[in-house]
Each structure stands twice: as structure tokens, then as C-alpha cells.
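Colleague: Enclosed is the structure file entry-v1.csv (CSV, N, CA and C atoms).
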```csv
chain,number,residue,atom,x,y,z
A,455,MET,N,0.8,-1.2,0.0
A,455,MET,CA,0.0,0.0,0.0
A,455,MET,C,0.9,1.3,0.0
A,456,LEU,N,0.6,2.2,-0.9
A,456,LEU,CA,1.3,3.4,-1.0
A,456,LEU,C,0.9,4.4,0.2
A,457,ARG,N,1.9,5.1,0.7
A,457,ARG,CA,1.6,6.2,1.7
A,457,ARG,C,1.9,7.5,1.0
A,458,LYS,N,1.1,8.5,1.2
A,458,LYS,CA,1.3,9.8,0.7
A,458,LYS,C,2.3,10.5,1.6
A,459,ILE,N,3.3,11.2,1.0
A,459,ILE,CA,4.2,12.0,1.7
A,459,ILE,C,3.8,13.5,1.5
A,460,GLU,N,3.5,14.1,2.7
A,460,GLU,CA,3.1,15.5,2.7
A,460,GLU,C,4.3,16.4,2.9
A,461,SER,N,4.3,17.5,2.2
A,461,SER,CA,5.3,18.6,2.4
A,461,SER,C,6.7,18.1,2.3
A,462,PRO,N,7.1,17.5,1.2
A,462,PRO,CA,8.5,17.1,1.0
A,462,PRO,C,9.4,18.3,0.8
A,463,ALA,N,10.6,18.2,1.2
A,463,ALA,CA,11.6,19.2,0.9
A,463,ALA,C,12.0,19.2,-0.6
A,464,LYS,N,12.3,20.4,-1.1
A,464,LYS,CA,12.6,20.5,-2.5
A,464,LYS,C,13.8,19.6,-2.9
A,465,CYS,N,14.8,19.5,-2.0
A,465,CYS,CA,15.9,18.7,-2.3
A,465,CYS,C,15.6,17.2,-2.3
A,466,GLU,N,14.5,16.8,-1.5
A,466,GLU,CA,14.0,15.5,-1.6
A,466,GLU,C,13.5,15.1,-2.9
A,467,LEU,N,12.7,16.0,-3.5
A,467,LEU,CA,12.1,15.8,-4.8
A,467,LEU,C,13.1,15.7,-5.9
A,468,SER,N,14.1,16.6,-5.9
A,468,SER,CA,15.1,16.5,-6.9
A,468,SER,C,16.0,15.3,-6.7
A,469,SER,N,16.2,14.9,-5.5
A,469,SER,CA,17.0,13.6,-5.2
A,469,SER,C,16.3,12.4,-5.8
A,470,VAL,N,15.0,12.4,-5.7
A,470,VAL,CA,14.2,11.3,-6.2
A,470,VAL,C,14.3,11.3,-7.8
A,471,ILE,N,14.2,12.5,-8.3
A,471,ILE,CA,14.3,12.6,-9.8
A,471,ILE,C,15.7,12.1,-10.2
A,472,ARG,N,16.7,12.5,-9.5
A,472,ARG,CA,18.0,12.1,-9.9
A,472,ARG,C,18.2,10.6,-9.8
A,473,PHE,N,17.6,10.0,-8.8
A,473,PHE,CA,17.7,8.5,-8.6
A,473,PHE,C,17.0,7.8,-9.7
A,474,LEU,N,15.7,8.2,-10.0
A,474,LEU,CA,15.0,7.6,-11.0
A,474,LEU,C,15.6,7.8,-12.4
A,475,HIS,N,16.2,9.0,-12.6
A,475,HIS,CA,16.9,9.3,-13.9
A,475,HIS,C,18.1,8.3,-14.0
A,476,ALA,N,18.8,8.0,-12.9
A,476,ALA,CA,19.9,7.1,-13.0
A,476,ALA,C,19.5,5.7,-13.2
A,477,GLU,N,18.3,5.4,-12.8
A,477,GLU,CA,17.7,4.0,-13.1
A,477,GLU,C,17.3,3.9,-14.5
A,478,GLY,N,17.2,5.0,-15.2
A,478,GLY,CA,16.8,4.9,-16.7
A,478,GLY,C,15.4,5.3,-17.0
A,479,SER,N,14.6,5.8,-16.0
A,479,SER,CA,13.3,6.2,-16.2
A,479,SER,C,13.3,7.5,-17.0
A,480,ASN,N,12.3,7.7,-17.9
A,480,ASN,CA,12.1,9.0,-18.6
A,480,ASN,C,11.4,10.0,-17.7
A,481,ALA,N,11.4,11.2,-18.2
A,481,ALA,CA,10.8,12.3,-17.4
A,481,ALA,C,9.3,12.1,-17.1
A,482,ALA,N,8.5,11.6,-18.1
A,482,ALA,CA,7.1,11.4,-18.0
A,482,ALA,C,6.8,10.3,-16.9
A,483,GLU,N,7.6,9.2,-17.0
A,483,GLU,CA,7.5,8.1,-16.0
A,483,GLU,C,7.9,8.6,-14.6
A,484,ILE,N,8.9,9.4,-14.5
A,484,ILE,CA,9.3,9.9,-13.2
A,484,ILE,C,8.1,10.8,-12.6
A,485,HIS,N,7.5,11.6,-13.4
A,485,HIS,CA,6.4,12.5,-12.9
A,485,HIS,C,5.2,11.6,-12.5
A,486,ARG,N,4.9,10.6,-13.3
A,486,ARG,CA,3.8,9.7,-13.0
A,486,ARG,C,4.0,9.0,-11.7
A,487,ARG,N,5.2,8.4,-11.5
A,487,ARG,CA,5.5,7.7,-10.3
A,487,ARG,C,5.5,8.5,-9.1
A,488,MET,N,6.1,9.7,-9.2
A,488,MET,CA,6.2,10.6,-8.0
A,488,MET,C,4.8,11.2,-7.6
A,489,SER,N,4.0,11.4,-8.6
A,489,SER,CA,2.6,11.9,-8.4
A,489,SER,C,1.8,10.9,-7.5
A,490,LYS,N,2.1,9.6,-7.6
A,490,LYS,CA,1.4,8.6,-6.8
A,490,LYS,C,1.8,8.8,-5.3
A,491,VAL,N,3.0,9.2,-5.0
A,491,VAL,CA,3.4,9.3,-3.6
A,491,VAL,C,3.3,10.7,-3.1
A,492,TYR,N,3.6,11.7,-3.9
A,492,TYR,CA,3.6,13.1,-3.4
A,492,TYR,C,2.4,13.8,-3.7
A,493,GLY,N,1.5,13.3,-4.5
A,493,GLY,CA,0.2,13.9,-4.9
A,493,GLY,C,0.4,14.6,-6.2
A,494,GLU,N,-0.7,14.9,-6.8
A,494,GLU,CA,-0.8,15.4,-8.2
A,494,GLU,C,-0.1,16.8,-8.3
A,495,THR,N,0.0,17.5,-7.3
A,495,THR,CA,0.5,18.9,-7.4
A,495,THR,C,1.9,19.1,-6.8
A,496,PHE,N,2.6,18.0,-6.6
A,496,PHE,CA,3.9,18.1,-5.9
A,496,PHE,C,4.9,18.9,-6.7
A,497,MET,N,4.8,18.8,-8.1
A,497,MET,CA,5.7,19.6,-9.0
A,497,MET,C,5.1,19.5,-10.4
A,498,SER,N,5.2,20.5,-11.1
A,498,SER,CA,4.7,20.4,-12.5
A,498,SER,C,5.5,19.5,-13.4
A,499,ASP,N,4.9,19.0,-14.4
A,499,ASP,CA,5.6,18.1,-15.3
A,499,ASP,C,6.8,18.8,-16.0
A,500,SER,N,6.6,20.1,-16.3
A,500,SER,CA,7.7,20.9,-16.9
A,500,SER,C,8.9,21.0,-16.0
A,501,LYS,N,8.6,21.2,-14.7
A,501,LYS,CA,9.7,21.3,-13.7
A,501,LYS,C,10.4,20.0,-13.6
A,502,VAL,N,9.7,18.9,-13.6
A,502,VAL,CA,10.4,17.5,-13.5
A,502,VAL,C,11.2,17.4,-14.8
A,503,ARG,N,10.7,17.8,-15.9
A,503,ARG,CA,11.5,17.7,-17.2
A,503,ARG,C,12.7,18.6,-17.1
A,504,LYS,N,12.6,19.7,-16.5
A,504,LYS,CA,13.8,20.6,-16.4
A,504,LYS,C,14.9,20.0,-15.5
A,505,TRP,N,14.5,19.4,-14.4
A,505,TRP,CA,15.5,18.7,-13.5
A,505,TRP,C,16.0,17.5,-14.3
A,506,PHE,N,15.2,16.8,-15.0
A,506,PHE,CA,15.6,15.6,-15.8
A,506,PHE,C,16.7,16.1,-16.8
A,507,ARG,N,16.5,17.1,-17.5
A,507,ARG,CA,17.4,17.6,-18.5
A,507,ARG,C,18.7,18.0,-17.8
A,508,ASN,N,18.6,18.7,-16.7
A,508,ASN,CA,19.8,19.1,-16.0
A,508,ASN,C,20.7,17.9,-15.5
A,509,PHE,N,20.0,16.8,-15.0
A,509,PHE,CA,20.8,15.6,-14.6
A,509,PHE,C,21.3,14.9,-15.9
A,510,ASP,N,20.6,15.0,-17.0
A,510,ASP,CA,21.0,14.4,-18.2
A,510,ASP,C,22.3,15.1,-18.7
A,511,ALA,N,22.4,16.4,-18.4
A,511,ALA,CA,23.5,17.2,-18.9
A,511,ALA,C,24.7,17.1,-17.9
A,512,GLY,N,24.5,16.3,-16.9
A,512,GLY,CA,25.7,16.0,-16.0
A,512,GLY,C,25.6,16.7,-14.6
A,513,ARG,N,24.5,17.4,-14.3
A,513,ARG,CA,24.3,18.0,-13.0
A,513,ARG,C,24.3,16.9,-11.9
A,514,THR,N,24.9,17.2,-10.8
A,514,THR,CA,24.9,16.2,-9.7
A,514,THR,C,24.3,16.9,-8.4
A,515,ASP,N,24.2,18.2,-8.3
A,515,ASP,CA,23.7,18.9,-7.2
A,515,ASP,C,22.2,18.8,-7.2
A,516,VAL,N,21.6,18.4,-6.1
A,516,VAL,CA,20.1,18.3,-6.0
A,516,VAL,C,19.5,19.6,-5.4
A,517,HIS,N,20.3,20.5,-5.0
A,517,HIS,CA,19.8,21.7,-4.3
A,517,HIS,C,19.6,22.8,-5.4
A,518,ASP,N,18.5,23.5,-5.3
A,518,ASP,CA,18.1,24.6,-6.2
A,518,ASP,C,19.2,25.7,-6.1
A,519,ALA,N,19.3,26.5,-7.1
A,519,ALA,CA,20.3,27.5,-7.1
A,519,ALA,C,20.0,28.6,-6.0
A,520,GLY,N,18.9,28.6,-5.5
A,520,GLY,CA,18.6,29.6,-4.4
A,520,GLY,C,18.3,31.0,-4.9
A,521,CYS,N,17.9,31.1,-6.1
A,521,CYS,CA,17.6,32.4,-6.7
A,521,CYS,C,16.4,33.1,-6.1
A,522,HIS,N,15.6,32.3,-5.4
A,522,HIS,CA,14.3,32.9,-4.9
A,522,HIS,C,14.4,33.1,-3.4
A,523,GLY,N,13.7,34.1,-3.0
A,523,GLY,CA,13.6,34.3,-1.5
A,523,GLY,C,14.7,35.2,-1.0
A,524,ARG,N,14.7,35.3,0.3
A,524,ARG,CA,15.7,36.2,0.9
A,524,ARG,C,17.0,35.5,1.0
A,525,LYS,N,18.1,36.3,0.8
A,525,LYS,CA,19.4,35.8,0.8
A,525,LYS,C,19.8,35.6,2.3
A,526,PRO,N,20.7,34.6,2.6
A,526,PRO,CA,21.1,34.5,4.0
A,526,PRO,C,22.0,35.6,4.5
A,527,VAL,N,21.8,36.0,5.7
A,527,VAL,CA,22.5,37.1,6.3
A,527,VAL,C,23.6,36.7,7.2
A,528,SER,N,23.6,35.4,7.6
A,528,SER,CA,24.7,34.9,8.5
A,528,SER,C,25.9,34.6,7.8
A,529,THR,N,27.0,34.8,8.4
A,529,THR,CA,28.3,34.4,7.9
A,529,THR,C,29.1,33.6,9.0
A,530,ASP,N,30.1,32.9,8.7
A,530,ASP,CA,30.9,32.2,9.7
A,530,ASP,C,31.4,33.2,10.7
A,531,ASP,N,31.9,34.4,10.3
A,531,ASP,CA,32.4,35.4,11.2
A,531,ASP,C,31.3,35.9,12.1
A,532,LEU,N,30.2,36.1,11.7
A,532,LEU,CA,29.1,36.6,12.5
A,532,LEU,C,28.7,35.5,13.5
A,533,ILE,N,28.6,34.3,13.1
A,533,ILE,CA,28.3,33.2,14.0
A,533,ILE,C,29.3,33.1,15.1
A,534,GLN,N,30.6,33.2,14.8
A,534,GLN,CA,31.6,33.1,15.8
A,534,GLN,C,31.5,34.3,16.8
A,535,ARG,N,31.2,35.5,16.3
A,535,ARG,CA,31.1,36.6,17.2
A,535,ARG,C,29.9,36.5,18.1
A,536,VAL,N,28.8,35.9,17.7
A,536,VAL,CA,27.6,35.7,18.5
A,536,VAL,C,27.9,34.6,19.6
A,537,ASP,N,28.6,33.5,19.2
A,537,ASP,CA,29.0,32.5,20.1
A,537,ASP,C,29.9,33.1,21.2
```
Starting from the coordinates I provided, produce the structure as C-alpha cells.

Modeller:
Amino acid sequence: MLRKIESPAKCELSSVIRFLHAEGSNAAEIHRRMSKVYGETFMSDSKVRKWFRNFDAGRTDVHDAGCHGRKPVSTDDLIQRVD
């Protein structure tokens, strides 16, 4: 019996895509399989295809580039001063 996974981390999703890509699944199959576990709206088909193409081109990092949202303000120096 399948269990639904709610609120997965973005790197979890891209890790699964990377794994299934390495197994030889195509992008459509990856989206179909992941939709069963993560729900229909976990990620768009085009986003899965984008990750698939990136892994096909040799990408190994599963973390997004971080272009969205607020930039981190902490630095190693700041953390040491606070400690």
C-alpha cells in the first residue's frame, strides 16, 4: 500500500528525480511515479522535465540555485562573534 508524503523538501524531490533518472526512467515516467506518492500537485511536469534535462547534462547537485527568496545574512564570522 502506498503512503502519501506530505510537504516534502525541494531537495528530496530533486533527489528522487536524480535517482529515477539514474535508473533509466524517462521524465514522464518519473512524474507519474512521483505523483502517486507526493500527490498530483507536488511539482509540475515541466519542472520535472527541467530537472531531468539538468541531470542528463551532468548535474549532480540536488539543491536549487537559491535564486528565490531572501538571501542568507549569517556568515561564519558573524556566528563566531555571536557564540

Colleague: When distances are computed from only C-alpha atoms, which of A:Ala476, A:Val536, A:Val516, A:Leu467 shows the smallest separation from A:Phe496?

Modeller: A:Leu467

Colleague: If I take atom CA of A:Glu460 and atom CA of A:Tyr492, how far is one from the other in Å, to one decimal?

Modeller: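 Distance between the two atoms: 6.6 Å.
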
Colleague: I need the residues in stretch 471-535 of chain A that are helix (DSSP H, G or I) according to DSSP; give them as a PyMOL selection string.

Modeller: chain A and resi 471-477+481-492+499-510+530-535

Colleague: Store the residues picked out above, limited to N, CA and C atoms, as a CSV table (one decimal), in the frame of the given file.

Modeller:
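result-v8.csv, freshly written:
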```csv
chain,number,residue,atom,x,y,z
A,471,ILE,N,14.2,12.5,-8.3
A,471,ILE,CA,14.3,12.6,-9.8
A,471,ILE,C,15.7,12.1,-10.2
A,472,ARG,N,16.7,12.5,-9.5
A,472,ARG,CA,18.0,12.1,-9.9
A,472,ARG,C,18.2,10.6,-9.8
A,473,PHE,N,17.6,10.0,-8.8
A,473,PHE,CA,17.7,8.5,-8.6
A,473,PHE,C,17.0,7.8,-9.7
A,474,LEU,N,15.7,8.2,-10.0
A,474,LEU,CA,15.0,7.6,-11.0
A,474,LEU,C,15.6,7.8,-12.4
A,475,HIS,N,16.2,9.0,-12.6
A,475,HIS,CA,16.9,9.3,-13.9
A,475,HIS,C,18.1,8.3,-14.0
A,476,ALA,N,18.8,8.0,-12.9
A,476,ALA,CA,19.9,7.1,-13.0
A,476,ALA,C,19.5,5.7,-13.2
A,477,GLU,N,18.3,5.4,-12.8
A,477,GLU,CA,17.7,4.0,-13.1
A,477,GLU,C,17.3,3.9,-14.5
A,481,ALA,N,11.4,11.2,-18.2
A,481,ALA,CA,10.8,12.3,-17.4
A,481,ALA,C,9.3,12.1,-17.1
A,482,ALA,N,8.5,11.6,-18.1
A,482,ALA,CA,7.1,11.4,-18.0
A,482,ALA,C,6.8,10.3,-16.9
A,483,GLU,N,7.6,9.2,-17.0
A,483,GLU,CA,7.5,8.1,-16.0
A,483,GLU,C,7.9,8.6,-14.6
A,484,ILE,N,8.9,9.4,-14.5
A,484,ILE,CA,9.3,9.9,-13.2
A,484,ILE,C,8.1,10.8,-12.6
A,485,HIS,N,7.5,11.6,-13.4
A,485,HIS,CA,6.4,12.5,-12.9
A,485,HIS,C,5.2,11.6,-12.5
A,486,ARG,N,4.9,10.6,-13.3
A,486,ARG,CA,3.8,9.7,-13.0
A,486,ARG,C,4.0,9.0,-11.7
A,487,ARG,N,5.2,8.4,-11.5
A,487,ARG,CA,5.5,7.7,-10.3
A,487,ARG,C,5.5,8.5,-9.1
A,488,MET,N,6.1,9.7,-9.2
A,488,MET,CA,6.2,10.6,-8.0
A,488,MET,C,4.8,11.2,-7.6
A,489,SER,N,4.0,11.4,-8.6
A,489,SER,CA,2.6,11.9,-8.4
A,489,SER,C,1.8,10.9,-7.5
A,490,LYS,N,2.1,9.6,-7.6
A,490,LYS,CA,1.4,8.6,-6.8
A,490,LYS,C,1.8,8.8,-5.3
A,491,VAL,N,3.0,9.2,-5.0
A,491,VAL,CA,3.4,9.3,-3.6
A,491,VAL,C,3.3,10.7,-3.1
A,492,TYR,N,3.6,11.7,-3.9
A,492,TYR,CA,3.6,13.1,-3.4
A,492,TYR,C,2.4,13.8,-3.7
A,499,ASP,N,4.9,19.0,-14.4
A,499,ASP,CA,5.6,18.1,-15.3
A,499,ASP,C,6.8,18.8,-16.0
A,500,SER,N,6.6,20.1,-16.3
A,500,SER,CA,7.7,20.9,-16.9
A,500,SER,C,8.9,21.0,-16.0
A,501,LYS,N,8.6,21.2,-14.7
A,501,LYS,CA,9.7,21.3,-13.7
A,501,LYS,C,10.4,20.0,-13.6
A,502,VAL,N,9.7,18.9,-13.6
A,502,VAL,CA,10.4,17.5,-13.5
A,502,VAL,C,11.2,17.4,-14.8
A,503,ARG,N,10.7,17.8,-15.9
A,503,ARG,CA,11.5,17.7,-17.2
A,503,ARG,C,12.7,18.6,-17.1
A,504,LYS,N,12.6,19.7,-16.5
A,504,LYS,CA,13.8,20.6,-16.4
A,504,LYS,C,14.9,20.0,-15.5
A,505,TRP,N,14.5,19.4,-14.4
A,505,TRP,CA,15.5,18.7,-13.5
A,505,TRP,C,16.0,17.5,-14.3
A,506,PHE,N,15.2,16.8,-15.0
A,506,PHE,CA,15.6,15.6,-15.8
A,506,PHE,C,16.7,16.1,-16.8
A,507,ARG,N,16.5,17.1,-17.5
A,507,ARG,CA,17.4,17.6,-18.5
A,507,ARG,C,18.7,18.0,-17.8
A,508,ASN,N,18.6,18.7,-16.7
A,508,ASN,CA,19.8,19.1,-16.0
A,508,ASN,C,20.7,17.9,-15.5
A,509,PHE,N,20.0,16.8,-15.0
A,509,PHE,CA,20.8,15.6,-14.6
A,509,PHE,C,21.3,14.9,-15.9
A,510,ASP,N,20.6,15.0,-17.0
A,510,ASP,CA,21.0,14.4,-18.2
A,510,ASP,C,22.3,15.1,-18.7
A,530,ASP,N,30.1,32.9,8.7
A,530,ASP,CA,30.9,32.2,9.7
A,530,ASP,C,31.4,33.2,10.7
A,531,ASP,N,31.9,34.4,10.3
A,531,ASP,CA,32.4,35.4,11.2
A,531,ASP,C,31.3,35.9,12.1
A,532,LEU,N,30.2,36.1,11.7
A,532,LEU,CA,29.1,36.6,12.5
A,532,LEU,C,28.7,35.5,13.5
A,533,ILE,N,28.6,34.3,13.1
A,533,ILE,CA,28.3,33.2,14.0
A,533,ILE,C,29.3,33.1,15.1
A,534,GLN,N,30.6,33.2,14.8
A,534,GLN,CA,31.6,33.1,15.8
A,534,GLN,C,31.5,34.3,16.8
A,535,ARG,N,31.2,35.5,16.3
A,535,ARG,CA,31.1,36.6,17.2
A,535,ARG,C,29.9,36.5,18.1
```

Colleague: I need every residue sitting at most 12 Å from the point (24.2, 16.8, -11.6) (coordinates as in the file, only C-alpha atoms considered), written as a PyMOL selection string.

Modeller: chain A and resi 468-469+471-473+475-476+505-518

Colleague: Take atom C of A:Pro462 and atom C of A:Ile533 and report the distance between them in Å, one decimal.

Modeller: 28.6 Å

Colleague: Quick one, how far is atom CA of A:Glu483 from atom C of A:Ala463?

Modeller: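 These atoms are spaced 19.5 Å apart.
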
Colleague: When distances are computed from only C-alpha atoms, which of A:Asn480, A:Glu466, A:Leu456, A:His485 shows the smallest separation from A:Met497?

Modeller: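 Closest to A:Met497, using only C-alpha atoms: A:His485.
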